[in-house]
Amino acid sequence: MFTIDKYILAENLEQAYELNQNRRNVIIGGMLWLKMGRKKIGTAIDLSALNLNTITEDEQSFKIGCMCTLRDIELNEGIKNYFGTLLNKAIENIVGVQMRNIATIGGSIYSRFGFSDILTVLLSLDTYVELYKGGIIPLEKYADMPLDNDILVNIIIKKDGRKASYSSHRLSATDFPVLTCAVSNKGRQWFVVHGARPMKAKLTKIEMSENPETEEIIATVAKLSDDTPFGTNIRGRMEYRRILAEVLAKRNIAEILNGGSHAN
Ligand SMILES: Cc1cc2nc3c(=O)[nH]c(=O)nc-3n(C[C@H](O)[C@H](O)[C@H](O)COP(=O)(O)OP(=O)(O)OC[C@H]3O[C@@H](n4cnc5c(N)ncnc54)[C@H](O)[C@@H]3O)c2cc1C
């Protein structure tokens, strides 16, 4: 059980940031992950009065406020129109609707969980995080940074027209994934992400023909899975994950070649 000494509804980001510099204090999102721990929290800093629960779209990008829930993203019409079923496929297996109504995108991406479906799919897109002090940086860079005391304010996904596909393997529905995989493609550039390895999602950028033949796909995917580190945990052995990685990557590439999810 975790405990909270004091609760503050932040009036602005500067106040929230200042409070968050104390190591006993934490920003709270949906608190679903925090409640699993035993942390003795000094001050819980709530961002929910700062209008950070909206998704805005313009010609270049989507901006998703950190307090948006996974369910907000699932239901957003603009996201569905642009990405088709891509983001839904990455979100729909996360426990259930009640939980996705609470889990925030800020808490999900800040935590950079090894098992994260959402980190996997967003790494395959042209995604950035906007930090209160750290500014806008690519998600790829953020994923490798240590957890710090900055505030993740927005997630920005650029509309660069790439096609993408997502899949995961689970031992049973709604369990944590054994492996996640997202692939996207723009011209000869292919972006392959494997997550739940069980380490944090890893993005690999490769060159392959725009319309590769089967042999090229098999060779590329085999090399990729050889070059990617996988590990063993209670959900699966390293060898099993390596086999799954090839299967999921091939399926995603096949889906992209059949249309994938992409801009209208
Ligand atoms: C039982 C269970 C099963 C799950 N299964 C899956 C799964 O299969 N796939 C998957 O991808 N995910 C899964 N998740 C993770 C879930 O989707 C959320 O990512 C997770 O609960 C964190 O979101 P939250 O809003 O609850 O964050 P919180 O618990 O509120 O916060 C998590 C951390 O993020 C920090 N934080 C929150 N918001 C911000 C911010 N804006 N800026 C800086 N720091 C911030 C907090 O201080 C805390 O350290 C699961 C979670 C649970 C509890």
# chains A, B, ... in the order shown; residues from 1 in each chain; ligands from 1
call {"tool": "residues_around", "arguments": {"residues": "region 81-96 of chain A", "least_positions_apart": "2", "cutoff": "8 Å", "atoms": "only C-alpha atoms", "output": "PyMOL selection string"}}
result
chain A and resi 70+73-74+77-79+98-100+117-118+121+164-168+173-176+261-264
call {"tool": "residues_near_ligand", "arguments": {"ligand": "ligand 1", "cutoff": "7 Å", "atoms": "only C-alpha atoms and all ligand atoms", "output": "PyMOL selection string"}}
result
chain A and resi 26-36+66-67+93-95+100+102-111+115-118+150-153+174-177
call {"tool": "closest_residue", "arguments": {"among": "A:Asp58, A:Glu210, A:Glu215, A:Glu246", "to": "Asp227 (chain A)", "atoms": "only C-alpha atoms"}}
result
A:Glu246
call {"tool": "atom_distance", "arguments": {"atom1": "CA of Glu213 (chain A)", "atom2": "CA of Lys186 (chain A)"}}
result
16.6 Å
call {"tool": "select_by_dssp", "arguments": {"residues": "region 6-235 of chain A", "states": "helix (DSSP H, G or I)", "output": "NGL selection string"}}
result
:A and (13-20 or 34-36 or 70-75 or 77-83 or 86-91 or 97-100 or 105-111 or 117-123 or 139-144 or 214-227)
call {"tool": "closest_residue", "arguments": {"among": "A:Leu19, A:Ile55, A:Ile256, A:Leu203", "to": "Thr69 (chain A)", "atoms": "only C-alpha atoms"}}
result
A:Ile55
call {"tool": "closest_residue", "arguments": {"among": "A:Gly114, A:Ala16, A:Glu207, A:Leu257", "to": "His194 (chain A)", "atoms": "only C-alpha atoms"}}
result
A:Gly114
call {"tool": "residues_around", "arguments": {"residues": "Ala249 (chain A)", "least_positions_apart": "6", "cutoff": "10 Å", "atoms": "only C-alpha atoms", "output": "PyMOL selection string"}}
result
chain A and resi 165-167+180-183+192-194+217-218+220-222+224-225+255
call {"tool": "write_last_selection", "arguments": {"atoms": "N, CA and C atoms", "output": "compact mmCIF listing (two decimals), in the first residue's frame"}}
result
# COMPACT_ATOMS: atom_id res chain seq x y z
N SER A 165 1.78 -0.61 -38.57
CA SER A 165 0.98 -1.76 -38.12
C SER A 165 1.48 -2.20 -36.73
N TYR A 166 0.56 -2.69 -35.89
CA TYR A 166 0.91 -3.08 -34.52
C TYR A 166 0.37 -4.47 -34.21
N SER A 167 1.14 -5.24 -33.47
CA SER A 167 0.61 -6.51 -32.96
C SER A 167 1.33 -6.86 -31.65
N THR A 180 5.70 -7.28 -27.82
CA THR A 180 4.95 -6.30 -28.62
C THR A 180 5.79 -5.96 -29.84
N CYS A 181 5.12 -5.59 -30.92
CA CYS A 181 5.87 -5.22 -32.13
C CYS A 181 5.08 -4.19 -32.94
N ALA A 182 5.76 -3.14 -33.34
CA ALA A 182 5.15 -2.16 -34.24
C ALA A 182 6.13 -1.93 -35.38
N VAL A 183 5.58 -1.85 -36.59
CA VAL A 183 6.42 -1.58 -37.76
C VAL A 183 5.79 -0.40 -38.51
N VAL A 192 11.22 -0.53 -37.06
CA VAL A 192 10.72 -1.73 -36.38
C VAL A 192 10.95 -1.58 -34.88
N VAL A 193 9.89 -1.77 -34.11
CA VAL A 193 10.00 -1.64 -32.65
C VAL A 193 9.58 -2.97 -32.01
N HIS A 194 10.45 -3.48 -31.15
CA HIS A 194 10.08 -4.65 -30.36
C HIS A 194 10.06 -4.23 -28.89
N ILE A 217 12.17 -9.83 -47.12
CA ILE A 217 11.52 -9.66 -45.80
C ILE A 217 12.07 -10.69 -44.82
N ILE A 218 12.12 -11.94 -45.25
CA ILE A 218 12.57 -13.02 -44.35
C ILE A 218 14.00 -12.75 -43.88
N THR A 220 15.67 -9.86 -43.82
CA THR A 220 15.78 -8.65 -43.01
C THR A 220 15.29 -8.90 -41.58
N VAL A 221 14.14 -9.57 -41.49
CA VAL A 221 13.52 -9.80 -40.18
C VAL A 221 14.37 -10.76 -39.34
N ALA A 222 14.97 -11.75 -39.99
CA ALA A 222 15.82 -12.71 -39.27
C ALA A 222 17.04 -11.99 -38.70
N LEU A 224 17.31 -8.83 -38.04
CA LEU A 224 16.84 -7.91 -37.00
C LEU A 224 16.64 -8.63 -35.67
N SER A 225 16.01 -9.79 -35.74
CA SER A 225 15.75 -10.49 -34.47
C SER A 225 17.06 -11.02 -33.87
N GLU A 255 0.93 -6.57 -43.30
CA GLU A 255 -0.24 -5.68 -43.19
C GLU A 255 0.05 -4.33 -43.85
call {"tool": "residues_around", "arguments": {"residues": "Phe2 (chain A)", "least_positions_apart": "2", "cutoff": "7 Å", "atoms": "only C-alpha atoms", "output": "PDB file with all heavy atoms, in the first residue's frame"}}
result
ATOM      1  N   ILE A   4      -0.080   8.814   1.191  1.00  0.00           N
ATOM      2  CA  ILE A   4       0.096  10.201   0.750  1.00  0.00           C
ATOM      3  C   ILE A   4      -0.129  11.114   1.959  1.00  0.00           C
ATOM      4  O   ILE A   4      -1.183  11.037   2.603  1.00  0.00           O
ATOM      5  CB  ILE A   4      -0.933  10.548  -0.359  1.00  0.00           C
ATOM      6  CG1 ILE A   4      -0.666   9.709  -1.615  1.00  0.00           C
ATOM      7  CG2 ILE A   4      -0.901  12.035  -0.695  1.00  0.00           C
ATOM      8  CD1 ILE A   4      -1.680   9.913  -2.731  1.00  0.00           C
ATOM      9  N   LYS A  35      -0.355   3.032  -7.180  1.00  0.00           N
ATOM     10  CA  LYS A  35      -1.036   2.325  -6.080  1.00  0.00           C
ATOM     11  C   LYS A  35      -0.541   0.886  -5.935  1.00  0.00           C
ATOM     12  O   LYS A  35      -0.818   0.238  -4.937  1.00  0.00           O
ATOM     13  CB  LYS A  35      -2.553   2.356  -6.270  1.00  0.00           C
ATOM     14  CG  LYS A  35      -3.065   1.392  -7.312  1.00  0.00           C
ATOM     15  CD  LYS A  35      -4.573   1.272  -7.253  1.00  0.00           C
ATOM     16  CE  LYS A  35      -5.095   0.484  -8.442  1.00  0.00           C
ATOM     17  NZ  LYS A  35      -4.495  -0.837  -8.624  1.00  0.00           N
ATOM     18  N   GLY A  37       2.547   0.195  -5.670  1.00  0.00           N
ATOM     19  CA  GLY A  37       3.799   0.247  -4.919  1.00  0.00           C
ATOM     20  C   GLY A  37       3.581   0.550  -3.445  1.00  0.00           C
ATOM     21  O   GLY A  37       2.447   0.593  -2.955  1.00  0.00           O
ATOM     22  N   ARG A  38       4.688   0.771  -2.757  1.00  0.00           N
ATOM     23  CA  ARG A  38       4.602   1.019  -1.307  1.00  0.00           C
ATOM     24  C   ARG A  38       5.206   2.358  -0.945  1.00  0.00           C
ATOM     25  O   ARG A  38       5.661   2.565   0.177  1.00  0.00           O
ATOM     26  CB  ARG A  38       5.363  -0.068  -0.564  1.00  0.00           C
ATOM     27  CG  ARG A  38       4.736  -1.408  -0.753  1.00  0.00           C
ATOM     28  CD  ARG A  38       5.538  -2.459  -0.064  1.00  0.00           C
ATOM     29  NE  ARG A  38       4.824  -3.724  -0.148  1.00  0.00           N
ATOM     30  CZ  ARG A  38       5.046  -4.755   0.607  1.00  0.00           C
ATOM     31  NH1 ARG A  38       5.959  -4.690   1.540  1.00  0.00           N
ATOM     32  NH2 ARG A  38       4.372  -5.858   0.459  1.00  0.00           N
ATOM     33  N   LYS A  39       5.232   3.253  -1.935  1.00  0.00           N
ATOM     34  CA  LYS A  39       5.915   4.519  -1.717  1.00  0.00           C
ATOM     35  C   LYS A  39       5.215   5.342  -0.626  1.00  0.00           C
ATOM     36  O   LYS A  39       3.981   5.374  -0.564  1.00  0.00           O
ATOM     37  CB  LYS A  39       5.923   5.288  -3.060  1.00  0.00           C
ATOM     38  CG  LYS A  39       6.962   6.368  -3.149  1.00  0.00           C
ATOM     39  CD  LYS A  39       7.040   6.889  -4.591  1.00  0.00           C
ATOM     40  CE  LYS A  39       7.700   8.227  -4.667  1.00  0.00           C
ATOM     41  NZ  LYS A  39       9.114   8.278  -4.640  1.00  0.00           N
ATOM     42  N   LYS A  40       6.029   5.996   0.211  1.00  0.00           N
ATOM     43  CA  LYS A  40       5.467   6.942   1.180  1.00  0.00           C
ATOM     44  C   LYS A  40       5.579   8.323   0.539  1.00  0.00           C
ATOM     45  O   LYS A  40       6.636   8.954   0.594  1.00  0.00           O
ATOM     46  CB  LYS A  40       6.238   6.878   2.495  1.00  0.00           C
ATOM     47  CG  LYS A  40       6.063   5.527   3.190  1.00  0.00           C
ATOM     48  CD  LYS A  40       6.620   5.548   4.593  1.00  0.00           C
ATOM     49  CE  LYS A  40       6.539   4.184   5.252  1.00  0.00           C
ATOM     50  NZ  LYS A  40       5.287   3.462   5.072  1.00  0.00           N
TER      51      LYS A  40
END
call {"tool": "atom_distance", "arguments": {"atom1": "CA of Ile253 (chain A)", "atom2": "CA of Met145 (chain A)"}}
result
29.0 Å
call {"tool": "residues_around", "arguments": {"residues": "Gly42 (chain A)", "least_positions_apart": "2", "cutoff": "9 Å", "atoms": "only C-alpha atoms", "output": "tab-separated table (two decimals) with N, CA, C and O atoms, in the first residue's frame"}}
result
chain	number	residue	atom	x	y	z
A	3	THR	N	1.19	5.50	0.67
A	3	THR	CA	0.54	6.50	1.51
A	3	THR	C	0.85	7.90	0.96
A	3	THR	O	1.89	8.12	0.34
A	4	ILE	N	-0.08	8.81	1.19
A	4	ILE	CA	0.10	10.20	0.75
A	4	ILE	C	-0.13	11.11	1.96
A	4	ILE	O	-1.18	11.04	2.60
A	5	ASP	N	0.87	11.96	2.27
A	5	ASP	CA	0.71	12.88	3.40
A	5	ASP	C	-0.18	14.07	3.04
A	5	ASP	O	-0.99	14.53	3.82
A	6	LYS	N	0.04	14.56	1.81
A	6	LYS	CA	-0.62	15.82	1.45
A	6	LYS	C	-1.00	15.78	-0.04
A	6	LYS	O	-0.24	15.20	-0.85
A	7	TYR	N	-2.12	16.41	-0.39
A	7	TYR	CA	-2.56	16.43	-1.78
A	7	TYR	C	-2.66	17.89	-2.25
A	7	TYR	O	-3.23	18.72	-1.54
A	22	ASN	N	11.14	17.98	-4.96
A	22	ASN	CA	11.35	17.27	-3.70
A	22	ASN	C	11.16	15.77	-3.95
A	22	ASN	O	10.12	15.35	-4.48
A	23	ARG	N	12.15	14.96	-3.57
A	23	ARG	CA	12.13	13.54	-3.93
A	23	ARG	C	10.97	12.76	-3.31
A	23	ARG	O	10.61	11.69	-3.77
A	24	ARG	N	10.36	13.30	-2.26
A	24	ARG	CA	9.23	12.59	-1.63
A	24	ARG	C	7.91	12.88	-2.36
A	24	ARG	O	6.90	12.22	-2.12
A	25	ASN	N	7.92	13.91	-3.21
A	25	ASN	CA	6.68	14.30	-3.88
A	25	ASN	C	6.55	13.63	-5.24
A	25	ASN	O	7.56	13.36	-5.89
A	26	VAL	N	5.33	13.40	-5.68
A	26	VAL	CA	5.14	12.82	-7.02
A	26	VAL	C	3.98	13.47	-7.75
A	26	VAL	O	2.98	13.88	-7.15
A	40	LYS	N	6.03	6.00	0.21
A	40	LYS	CA	5.47	6.94	1.18
A	40	LYS	C	5.58	8.32	0.54
A	40	LYS	O	6.64	8.95	0.59
A	44	ALA	N	1.22	14.60	-3.12
A	44	ALA	CA	0.74	14.12	-4.42
A	44	ALA	C	0.33	15.36	-5.22
A	44	ALA	O	-0.48	16.17	-4.75
call {"tool": "residues_around", "arguments": {"residues": "Asp46 (chain A)", "least_positions_apart": "2", "cutoff": "6 Å", "atoms": "only C-alpha atoms", "output": "MDAnalysis selection string"}}
result
chainID A and resid 9:10 28 48
call {"tool": "write_last_selection", "arguments": {"atoms": "all heavy atoms", "output": "JSON list (two decimals), in the first residue's frame"}}
result
[["chain", "number", "residue", "atom", "x", "y", "z"],
["A", 9, "LEU", "N", -3.79, 20.26, -5.64],
["A", 9, "LEU", "CA", -4.28, 20.42, -7.01],
["A", 9, "LEU", "C", -3.50, 21.60, -7.59],
["A", 9, "LEU", "O", -3.74, 22.76, -7.21],
["A", 9, "LEU", "CB", -5.79, 20.72, -6.96],
["A", 9, "LEU", "CG", -6.52, 20.83, -8.29],
["A", 9, "LEU", "CD1", -6.48, 19.52, -9.07],
["A", 9, "LEU", "CD2", -7.97, 21.25, -8.07],
["A", 10, "ALA", "N", -2.55, 21.30, -8.48],
["A", 10, "ALA", "CA", -1.64, 22.37, -8.95],
["A", 10, "ALA", "C", -2.40, 23.47, -9.69],
["A", 10, "ALA", "O", -3.32, 23.20, -10.46],
["A", 10, "ALA", "CB", -0.58, 21.76, -9.85],
["A", 28, "ILE", "N", 0.81, 12.88, -9.92],
["A", 28, "ILE", "CA", -0.10, 11.73, -10.06],
["A", 28, "ILE", "C", -0.86, 11.82, -11.38],
["A", 28, "ILE", "O", -1.35, 12.87, -11.78],
["A", 28, "ILE", "CB", -1.09, 11.60, -8.87],
["A", 28, "ILE", "CG1", -1.85, 12.91, -8.62],
["A", 28, "ILE", "CG2", -0.35, 11.18, -7.62],
["A", 28, "ILE", "CD1", -2.96, 12.76, -7.57],
["A", 48, "SER", "N", -4.77, 17.78, -12.76],
["A", 48, "SER", "CA", -6.03, 17.71, -13.49],
["A", 48, "SER", "C", -6.78, 19.02, -13.65],
["A", 48, "SER", "O", -7.77, 19.08, -14.37],
["A", 48, "SER", "CB", -6.93, 16.61, -12.93],
["A", 48, "SER", "OG", -7.10, 16.75, -11.57]]
call {"tool": "closest_residue", "arguments": {"among": "A:Leu131, A:Ile243, A:Leu47, A:Leu119", "to": "Ala143 (chain A)", "atoms": "only C-alpha atoms"}}
result
A:Leu119
